[in-house]
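Q: input_22.cif is the file, holding mmCIF, C-alpha atoms:
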data_structure
#
loop_
_atom_site.label_atom_id
_atom_site.label_comp_id
_atom_site.auth_asym_id
_atom_site.auth_seq_id
_atom_site.Cartn_x
_atom_site.Cartn_y
_atom_site.Cartn_z
CA MET A 1 8.62 116.90 -57.59
CA ASP A 2 8.66 120.68 -56.91
CA GLY A 3 5.25 121.84 -55.82
CA VAL A 4 3.97 118.27 -55.40
CA LEU A 5 6.53 116.56 -53.15
CA ALA A 6 8.91 119.43 -52.37
CA ASP A 7 7.47 122.55 -50.78
CA VAL A 8 9.30 125.12 -52.89
CA TYR A 9 6.91 127.91 -51.87
CA SER A 10 8.13 127.68 -48.28
CA GLN A 11 11.67 127.94 -49.63
CA PHE A 12 10.86 130.93 -51.84
CA ILE A 13 9.17 132.70 -48.93
CA ALA A 14 12.09 132.00 -46.58
CA TYR A 15 14.71 133.15 -49.12
CA HIS A 16 12.61 136.22 -49.96
CA GLU A 17 12.37 137.14 -46.28
CA ARG A 18 16.12 136.66 -45.87
CA ASP A 19 16.84 139.01 -48.79
CA PHE A 20 14.06 141.60 -48.47
CA GLY A 21 13.11 141.42 -44.79
CA GLU A 22 9.42 140.93 -45.56
CA ARG A 23 7.37 137.80 -45.02
CA LEU A 24 5.05 137.15 -47.96
CA VAL A 25 1.62 135.63 -47.38
CA ILE A 26 0.65 132.72 -49.62
CA ARG A 27 -2.82 134.05 -50.28
CA ASP A 28 -1.37 137.23 -51.81
CA LEU A 29 0.52 135.11 -54.35
CA ASP A 30 -2.55 133.37 -55.76
CA GLY A 31 -2.68 133.34 -59.54
CA ARG A 32 0.79 134.81 -60.02
CA PRO A 33 3.58 132.89 -61.78
CA GLU A 34 6.35 131.89 -59.37
CA PHE A 35 8.99 134.20 -60.81
CA ASP A 36 6.53 137.07 -60.76
CA ALA A 37 5.62 136.44 -57.13
CA PHE A 38 9.30 136.10 -56.16
CA PRO A 39 11.41 138.69 -57.99
CA LYS A 40 14.66 137.00 -56.95
CA GLY A 41 13.23 133.51 -57.52
CA ARG A 42 15.55 132.74 -60.41
CA VAL A 43 18.58 133.61 -58.32
CA HIS A 44 17.29 131.52 -55.45
CA VAL A 45 16.60 128.33 -57.41
CA ASN A 46 20.13 128.58 -58.79
CA SER A 47 21.70 128.99 -55.38
CA LYS A 48 23.29 126.09 -53.56
CA GLY A 49 21.02 124.32 -51.10
CA PHE A 50 17.68 125.63 -52.37
CA PHE A 51 16.40 122.21 -53.48
CA ARG A 52 18.41 120.18 -50.96
CA THR A 53 16.77 121.84 -47.95
CA ALA A 54 13.19 122.19 -49.23
CA PRO A 55 10.55 120.90 -46.80
CA VAL A 56 8.42 117.90 -47.75
CA ILE A 57 4.80 118.63 -48.68
CA LEU A 58 2.36 117.46 -46.02
CA ASN A 59 1.50 113.73 -46.25
CA SER A 60 3.25 113.30 -49.60
CA ARG A 61 5.74 110.82 -48.18
CA GLU A 62 3.15 108.65 -46.43
CA VAL A 63 0.67 108.58 -49.32
CA LEU A 64 3.32 108.03 -51.97
CA GLN A 65 4.69 105.13 -49.97
CA ARG A 66 1.24 103.53 -49.94
CA LEU A 67 0.67 104.26 -53.65
CA ASN A 68 4.06 102.71 -54.33
CA ARG A 69 2.72 99.34 -53.18
CA THR A 70 -0.11 99.33 -55.75
CA TYR A 71 1.12 101.49 -58.61
CA ARG A 72 4.34 101.67 -60.57
CA ILE A 73 5.46 105.11 -59.43
CA PHE A 74 7.90 107.46 -61.15
CA VAL A 75 9.14 110.73 -59.73
CA VAL A 76 9.66 112.95 -62.77
CA SER A 77 11.30 116.33 -62.32
CA ALA A 78 11.95 119.02 -64.92
CA ALA A 79 15.37 119.51 -63.36
CA MET A 80 17.60 120.07 -66.38
CA GLU A 81 17.10 123.83 -66.42
CA PHE A 82 18.97 124.09 -63.12
CA PRO A 83 22.14 122.04 -63.55
CA GLN A 84 23.29 122.07 -59.95
CA SER A 85 19.87 120.89 -58.82
CA LEU A 86 20.34 117.32 -60.06
CA SER A 87 22.53 116.06 -57.24
CA GLU A 88 20.55 118.06 -54.67
CA LYS A 89 17.29 116.57 -55.88
CA GLN A 90 18.80 113.09 -55.87
CA GLU A 91 20.01 113.48 -52.29
CA TRP A 92 16.72 115.02 -51.22
CA LEU A 93 14.76 112.09 -52.64
CA ASN A 94 17.08 109.56 -51.04
CA GLU A 95 16.65 111.26 -47.68
CA HIS A 96 12.90 111.82 -47.68
CA PHE A 97 11.61 109.13 -50.06
CA PRO A 98 14.01 106.22 -49.51
CA PHE A 99 11.42 103.76 -50.84
CA ILE A 100 11.71 105.35 -54.31
CA GLY A 101 14.49 103.45 -56.08
CA TRP A 102 16.80 104.95 -58.69
CA GLN A 103 14.85 103.03 -61.32
CA GLN A 104 11.85 105.24 -60.50
CA VAL A 105 13.47 108.63 -60.94
CA VAL A 106 13.50 110.75 -64.11
CA PHE A 107 15.15 114.15 -64.52
CA CYS A 108 14.16 115.83 -67.76
CA GLY A 109 13.89 119.18 -69.48
CA THR A 110 10.32 118.78 -70.69
CA LYS A 111 7.77 116.24 -69.52
CA ASP A 112 6.10 115.66 -72.88
CA ILE A 113 8.44 112.73 -73.50
CA ILE A 114 6.92 110.89 -70.52
CA ASP A 115 4.63 107.94 -71.18
CA ALA A 116 2.46 107.00 -68.20
CA ASP A 117 -1.18 106.55 -67.20
CA VAL A 118 -1.54 109.23 -64.54
CA MET A 119 0.31 112.50 -63.96
CA ILE A 120 0.12 114.61 -60.80
CA ASP A 121 1.64 118.03 -61.42
CA ASP A 122 1.25 121.65 -60.39
CA HIS A 123 2.00 123.08 -63.85
CA LEU A 124 -0.63 123.19 -66.57
CA LYS A 125 2.04 123.17 -69.29
CA ASN A 126 3.03 119.66 -68.15
CA LEU A 127 -0.50 118.35 -67.80
CA ASP A 128 -1.82 119.88 -71.03
CA ARG A 129 0.55 117.80 -73.17
CA PHE A 130 0.07 114.56 -71.25
CA LYS A 131 -2.04 111.80 -72.79
CA GLY A 132 -3.21 110.05 -69.60
CA ASP A 133 -5.28 111.11 -66.60
CA THR A 134 -4.20 114.41 -65.11
CA PHE A 135 -4.33 115.82 -61.59
CA LEU A 136 -3.55 119.48 -61.03
CA PHE A 137 -1.95 119.82 -57.61
CA SER A 138 -3.00 123.17 -56.14
CA GLN A 139 -0.28 125.73 -55.76
CA PRO A 140 -0.66 129.51 -55.64
CA HIS A 141 0.67 129.96 -59.20
CA ASN A 142 -2.08 127.74 -60.67
CA HIS A 143 -4.89 129.30 -58.61
CA GLY A 144 -7.82 130.04 -60.90
CA HIS A 145 -6.13 128.35 -63.87
CA ALA A 146 -7.49 124.84 -63.66
CA GLY A 147 -8.59 124.49 -67.25
CA THR A 148 -11.35 122.00 -67.84
CA ARG A 149 -9.51 118.77 -68.49
CA HIS A 150 -7.59 118.35 -65.26
CA ARG A 151 -8.90 117.28 -61.90
CA ARG A 152 -7.78 119.64 -59.20
CA VAL A 153 -6.42 118.16 -55.97
CA SER A 154 -5.27 120.23 -53.02
CA THR A 155 -3.90 117.63 -50.61
CA TRP A 156 -2.26 114.22 -50.68
CA ALA A 157 -5.16 112.90 -48.61
CA GLU A 158 -7.41 113.67 -51.58
CA ILE A 159 -5.05 111.88 -53.94
CA GLU A 160 -5.07 108.85 -51.68
CA GLN A 161 -8.85 108.83 -51.58
CA ILE A 162 -9.07 108.92 -55.37
CA LEU A 163 -6.31 106.49 -56.25
CA LEU A 164 -6.49 103.97 -53.41
CA MET B 1 24.20 108.08 -74.57
CA ASP B 2 26.71 105.41 -73.46
CA GLY B 3 27.53 103.12 -76.36
CA VAL B 4 25.77 105.38 -78.87
CA LEU B 5 27.27 108.84 -78.34
CA ALA B 6 29.88 108.14 -75.65
CA ASP B 7 32.54 105.53 -76.39
CA VAL B 8 32.49 103.73 -73.06
CA TYR B 9 34.31 100.69 -74.47
CA SER B 10 37.42 102.79 -75.06
CA GLN B 11 37.14 103.95 -71.47
CA PHE B 12 36.69 100.42 -70.12
CA ILE B 13 39.69 99.20 -72.12
CA ALA B 14 41.88 102.11 -70.95
CA TYR B 15 40.88 101.67 -67.29
CA HIS B 16 41.35 97.89 -67.56
CA GLU B 17 44.84 98.36 -68.99
CA ARG B 18 45.69 100.84 -66.24
CA ASP B 19 44.64 98.35 -63.53
CA PHE B 20 45.68 95.01 -65.05
CA GLY B 21 48.47 95.94 -67.46
CA GLU B 22 46.81 94.14 -70.35
CA ARG B 23 45.21 95.68 -73.41
CA LEU B 24 41.97 93.93 -74.32
CA VAL B 25 40.98 93.54 -77.97
CA ILE B 26 37.41 94.51 -78.86
CA ARG B 27 36.86 91.41 -80.98
CA ASP B 28 37.51 89.17 -77.97
CA LEU B 29 34.68 90.89 -76.11
CA ASP B 30 31.99 90.13 -78.68
CA GLY B 31 28.81 88.74 -77.19
CA ARG B 32 29.89 89.23 -73.58
CA PRO B 33 27.97 91.54 -71.20
CA GLU B 34 30.03 94.61 -70.29
CA PHE B 35 30.55 93.69 -66.66
CA ASP B 36 31.58 90.20 -67.68
CA ALA B 37 34.11 91.51 -70.20
CA PHE B 38 35.45 94.05 -67.69
CA PRO B 39 35.72 92.49 -64.23
CA LYS B 40 36.37 95.87 -62.58
CA GLY B 41 33.80 97.63 -64.78
CA ARG B 42 31.45 98.40 -61.91
CA VAL B 43 34.25 100.04 -59.98
CA HIS B 44 35.31 102.01 -63.03
CA VAL B 45 31.88 103.43 -63.91
CA ASN B 46 31.58 104.58 -60.31
CA SER B 47 34.95 106.30 -60.32
CA LYS B 48 35.26 110.03 -60.81
CA GLY B 49 35.93 111.10 -64.39
CA PHE B 50 34.88 107.90 -66.15
CA PHE B 51 31.93 109.47 -67.97
CA ARG B 52 33.36 113.00 -68.11
CA THR B 53 36.39 111.94 -70.15
CA ALA B 54 34.80 109.34 -72.45
CA PRO B 55 35.61 109.84 -76.15
CA VAL B 56 32.83 110.72 -78.59
CA ILE B 57 31.70 107.94 -80.93
CA LEU B 58 32.78 108.53 -84.52
CA ASN B 59 30.49 110.89 -86.47
CA SER B 60 27.85 110.93 -83.75
CA ARG B 61 28.23 114.65 -83.18
CA GLU B 62 28.03 115.62 -86.86
CA VAL B 63 25.10 113.35 -87.70
CA LEU B 64 23.15 114.20 -84.56
CA GLN B 65 23.58 117.87 -85.33
CA ARG B 66 22.07 117.34 -88.79
CA LEU B 67 19.26 115.13 -87.40
CA ASN B 68 18.57 117.85 -84.85
CA ARG B 69 17.50 120.18 -87.68
CA THR B 70 14.80 117.79 -88.93
CA TYR B 71 13.78 115.73 -85.91
CA ARG B 72 12.91 116.58 -82.35
CA ILE B 73 15.88 114.91 -80.67
CA PHE B 74 16.17 113.75 -77.06
CA VAL B 75 19.30 112.36 -75.47
CA VAL B 76 18.04 109.82 -72.94
CA SER B 77 20.49 108.23 -70.56
CA ALA B 78 19.86 105.55 -67.95
CA ALA B 79 22.10 107.50 -65.59
CA MET B 80 20.33 107.15 -62.25
CA GLU B 81 22.15 103.94 -61.31
CA PHE B 82 25.40 105.90 -61.04
CA PRO B 83 24.62 108.98 -58.95
CA GLN B 84 27.86 110.86 -59.53
CA SER B 85 27.49 110.39 -63.29
CA LEU B 86 24.71 112.97 -63.65
CA SER B 87 26.84 116.09 -63.49
CA GLU B 88 29.62 114.42 -65.51
CA LYS B 89 27.16 113.47 -68.23
CA GLN B 90 25.67 116.94 -68.23
CA GLU B 91 29.10 118.56 -68.61
CA TRP B 92 30.12 116.04 -71.25
CA LEU B 93 27.02 116.77 -73.32
CA ASN B 94 27.51 120.52 -72.99
CA GLU B 95 31.09 120.18 -74.18
CA HIS B 96 30.62 117.78 -77.09
CA PHE B 97 26.98 118.36 -78.11
CA PRO B 98 26.40 122.04 -77.40
CA PHE B 99 23.51 122.12 -79.88
CA ILE B 100 21.51 119.81 -77.58
CA GLY B 101 19.62 122.09 -75.19
CA TRP B 102 18.70 121.20 -71.62
CA GLN B 103 15.12 120.74 -72.82
CA GLN B 104 16.34 117.76 -74.86
CA VAL B 105 18.07 115.81 -72.10
CA VAL B 106 16.55 113.05 -69.97
CA PHE B 107 18.30 111.12 -67.20
CA CYS B 108 16.30 108.16 -66.03
CA GLY B 109 16.55 104.80 -64.33
CA THR B 110 14.63 102.82 -66.90
CA LYS B 111 13.75 103.87 -70.43
CA ASP B 112 10.32 102.24 -70.59
CA ILE B 113 8.77 105.51 -69.44
CA ILE B 114 9.96 107.21 -72.64
CA ASP B 115 7.42 108.06 -75.32
CA ALA B 116 8.97 108.74 -78.73
CA ASP B 117 8.84 107.55 -82.33
CA VAL B 118 12.37 106.23 -82.81
CA MET B 119 14.92 104.88 -80.34
CA ILE B 120 18.60 104.27 -81.10
CA ASP B 121 20.17 102.19 -78.33
CA ASP B 122 22.82 99.55 -77.80
CA HIS B 123 20.85 97.61 -75.17
CA LEU B 124 18.10 95.17 -76.16
CA LYS B 125 16.38 95.60 -72.80
CA ASN B 126 15.70 99.23 -73.72
CA LEU B 127 14.60 98.55 -77.28
CA ASP B 128 12.45 95.52 -76.44
CA ARG B 129 10.07 97.59 -74.30
CA PHE B 130 9.88 100.56 -76.69
CA LYS B 131 6.75 101.04 -78.77
CA GLY B 132 8.24 102.93 -81.73
CA ASP B 133 10.89 102.09 -84.35
CA THR B 134 14.05 100.63 -82.91
CA PHE B 135 17.68 100.74 -84.01
CA LEU B 136 20.21 98.52 -82.29
CA PHE B 137 23.55 100.30 -82.30
CA SER B 138 26.28 97.67 -82.58
CA GLN B 139 28.49 97.25 -79.57
CA PRO B 140 30.48 94.16 -78.56
CA HIS B 141 28.02 93.23 -75.79
CA ASN B 142 25.09 92.99 -78.24
CA HIS B 143 27.05 91.05 -80.88
CA GLY B 144 24.94 88.13 -82.07
CA HIS B 145 21.93 89.26 -79.98
CA ALA B 146 20.00 91.34 -82.49
CA GLY B 147 16.62 89.76 -81.97
CA THR B 148 14.28 90.04 -84.93
CA ARG B 149 12.42 93.27 -84.28
CA HIS B 150 15.28 95.77 -84.23
CA ARG B 151 17.23 97.13 -87.15
CA ARG B 152 20.95 96.85 -86.51
CA VAL B 153 23.14 99.84 -87.30
CA SER B 154 26.89 99.90 -86.86
CA THR B 155 27.80 103.50 -87.68
CA TRP B 156 26.31 106.96 -87.52
CA ALA B 157 26.77 107.21 -91.29
CA GLU B 158 24.24 104.38 -91.62
CA ILE B 159 21.83 106.15 -89.29
CA GLU B 160 22.12 109.30 -91.36
CA GLN B 161 21.43 107.38 -94.56
CA ILE B 162 18.29 105.84 -93.08
CA LEU B 163 16.84 108.84 -91.28
CA LEU B 164 17.85 111.72 -93.56
#
Do you think you could lay out the structure here as structure tokens?
A:
Amino acid sequence: MDGVLADVYSQFIAYHERDFGERLVIRDLDGRPEFDAFPKGRVHVNSKGFFRTAPVILNSREVLQRLNRTYRIFVVSAAMEFPQSLSEKQEWLNEHFPFIGWQQVVFCGTKDIIDADVMIDDHLKNLDRFKGDTFLFSQPHNHGHAGTRHRRVSTWAEIEQILL
Amino acid sequence: MDGVLADVYSQFIAYHERDFGERLVIRDLDGRPEFDAFPKGRVHVNSKGFFRTAPVILNSREVLQRLNRTYRIFVVSAAMEFPQSLSEKQEWLNEHFPFIGWQQVVFCGTKDIIDADVMIDDHLKNLDRFKGDTFLFSQPHNHGHAGTRHRRVSTWAEIEQILL
């Protein structure tokens, strides 16, 4: 969800600017873990509204809606670390992805309990333990860390081209 | 979680008595689906506090704590159908099962996305689709519906004897 459907980088940058008065440039964050790039990141993800007001990643809604007609889609979010995020994430999904039913949503602590055929994720730790096909969705923190097993995708248009 | 760790039947019976002035007897509910046995059940599960104040099933805490030392335990709850239940279930787990970390909790809509070796559940629909070993935890609604594939267990003491 975060970094694949929800544009958390835009949120981090906005919150950082609010607190420090400087506007970070995405390119400068390449290859750095999120909480290294954003020193107050942990405070921000735990603050009310952070997940609820995140922008939607370009084309993710449209492509996921089309994938949803052909594939059995699950939105799986490692949300348990941030307790107050659960209801925000639920509301966010209902608002922006109304075609995803409650049967298709999973909030977990770790994704290695998930059994599926394909995983699209921005974190190597999630993809590395997954048994099926893996797509690494480009985000600054995974820049230069593709590994060899995962197929890198940078846009939802690419995902559509591959899967549909 | 419900019907295995959380004693939702006691809650249903208490809420039913509060609304209808009659105290139902568990034995009379054998073999009947929950929302057939409790006509206002759907209203009750959607009312504030229902999950938060559910009693803990006998010995589940003690046995799960011992299992947690030997097995990699996940508490998986089909919670997505009842949106307000997520935070209540989270708080309930933190209170009664503090040894279960957030990494070990999964809230989902359907459990057929779960990959594990053993599942303990009171609902056949969850066990039927599971690939690993299955234990049917006795509850009135599954009385007489064991199927052939699942091993029926009626207490946590039994589970401990089998798994430890």
Q: Would you write out, as a list of chain:residue names, every residue that the PyMOL selection byres ((chain A and resi 123) around 10) captures in this file?
A: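 Residues picked by the PyMOL selection byres ((chain A and resi 123) around 10): A:Asp2, A:Gly3, A:Val4, A:Ile120, A:Asp121, A:Asp122, A:Leu124, A:Lys125, A:Asn126, A:Leu127, A:Asp128, A:Phe135, A:Leu136, A:Phe137, A:Ser138, A:Gln139, A:His141, A:Asn142, A:His145, A:Ala146.
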Q: Near chain B, which residues of chain A fall within 7 Å when you count all atoms listed in the file, and what do they look like as a list in words?
A: Met80, Glu81, Trp102, Gln103, Gln104, Val105, Val106, Phe107, Cys108, Gly109, Thr110, Ile113, Ile114, Asp115 and Ala116 of chain A
Q: Which is closer to Arg52 (chain A) than all the others in A:Leu93, A:Ile13, A:Val25, A:Ile73, using all atoms listed in the file?
A: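 Closest candidate: A:Leu93.
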Q: Choose the residue, out of B:Thr134, B:His143, B:Gly49, B:Trp92, that has the smallest atom-to-atom separation from Glu34 (chain B); count all atoms listed in the file.
A: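 Closest to Glu34 (chain B), using all atoms listed in the file: B:His143.
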Q: Mind pulling up the distance from CA of Ile57 (chain A) to CA of Ala37 (chain A)?
A: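 CA of Ile57 (chain A) lies at a distance of 19.7 Å from CA of Ala37 (chain A).
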Q: First collect every listed atom of region 63-67 of chain B; then fit an axis-aligned box around them, widen it by 6 Å on each side, and give centre and edge lengths in Å to one decimal, as AutoDock Vina command-line options.
A:
--center_x 22.2 --center_y 115.6 --center_z -86.7 --size_x 17.8 --size_y 16.5 --size_z 16.2
Q: Separation of CA of Leu163 (chain B) and CA of Leu67 (chain B), in Å?
A: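 Distance between the two atoms: 7.8 Å.
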Q: CA of Met1 (chain B) and CA of Phe51 (chain B), how far apart in Å?
A: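 Separation of CA of Phe51 (chain B) and CA of Met1 (chain B): 10.3 Å.
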Q: Which residues, named as in the file, does the PyMOL selection byres ((chain A and resi 117) around 8) pick out? Answer as a list in words.
A: Asp115, Ala116, Val118, Met119, Lys131, Gly132 and Asp133 of chain A
Q: Can you translate the PyMOL selection byres ((chain B and resi 64) around 12) into the concrete residues it hits in this file, as a ChimeraX atom specification?
A: /B:1,4-5,56-63,65-75,96-100,120,156-157,159-160,163-164
Q: For those residues, write C-alpha atoms to a file as a compact mmCIF listing (two decimals), in the frame of the given file.
A:
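Printed below is selection.txt as written:
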# COMPACT_ATOMS: atom_id res chain seq x y z
CA MET B 1 24.20 108.08 -74.57
CA VAL B 4 25.77 105.38 -78.87
CA LEU B 5 27.27 108.84 -78.34
CA VAL B 56 32.83 110.72 -78.59
CA ILE B 57 31.70 107.94 -80.93
CA LEU B 58 32.78 108.53 -84.52
CA ASN B 59 30.49 110.89 -86.47
CA SER B 60 27.85 110.93 -83.75
CA ARG B 61 28.23 114.65 -83.18
CA GLU B 62 28.03 115.62 -86.86
CA VAL B 63 25.10 113.35 -87.70
CA GLN B 65 23.58 117.87 -85.33
CA ARG B 66 22.07 117.34 -88.79
CA LEU B 67 19.26 115.13 -87.40
CA ASN B 68 18.57 117.85 -84.85
CA ARG B 69 17.50 120.18 -87.68
CA THR B 70 14.80 117.79 -88.93
CA TYR B 71 13.78 115.73 -85.91
CA ARG B 72 12.91 116.58 -82.35
CA ILE B 73 15.88 114.91 -80.67
CA PHE B 74 16.17 113.75 -77.06
CA VAL B 75 19.30 112.36 -75.47
CA HIS B 96 30.62 117.78 -77.09
CA PHE B 97 26.98 118.36 -78.11
CA PRO B 98 26.40 122.04 -77.40
CA PHE B 99 23.51 122.12 -79.88
CA ILE B 100 21.51 119.81 -77.58
CA ILE B 120 18.60 104.27 -81.10
CA TRP B 156 26.31 106.96 -87.52
CA ALA B 157 26.77 107.21 -91.29
CA ILE B 159 21.83 106.15 -89.29
CA GLU B 160 22.12 109.30 -91.36
CA LEU B 163 16.84 108.84 -91.28
CA LEU B 164 17.85 111.72 -93.56
Q: Under the rule that all atoms listed in the file are counted, which of B:Pro140, B:Phe130, B:Ile162, B:Arg149 is the nearest residue to Val8 (chain B)?
A: B:Pro140
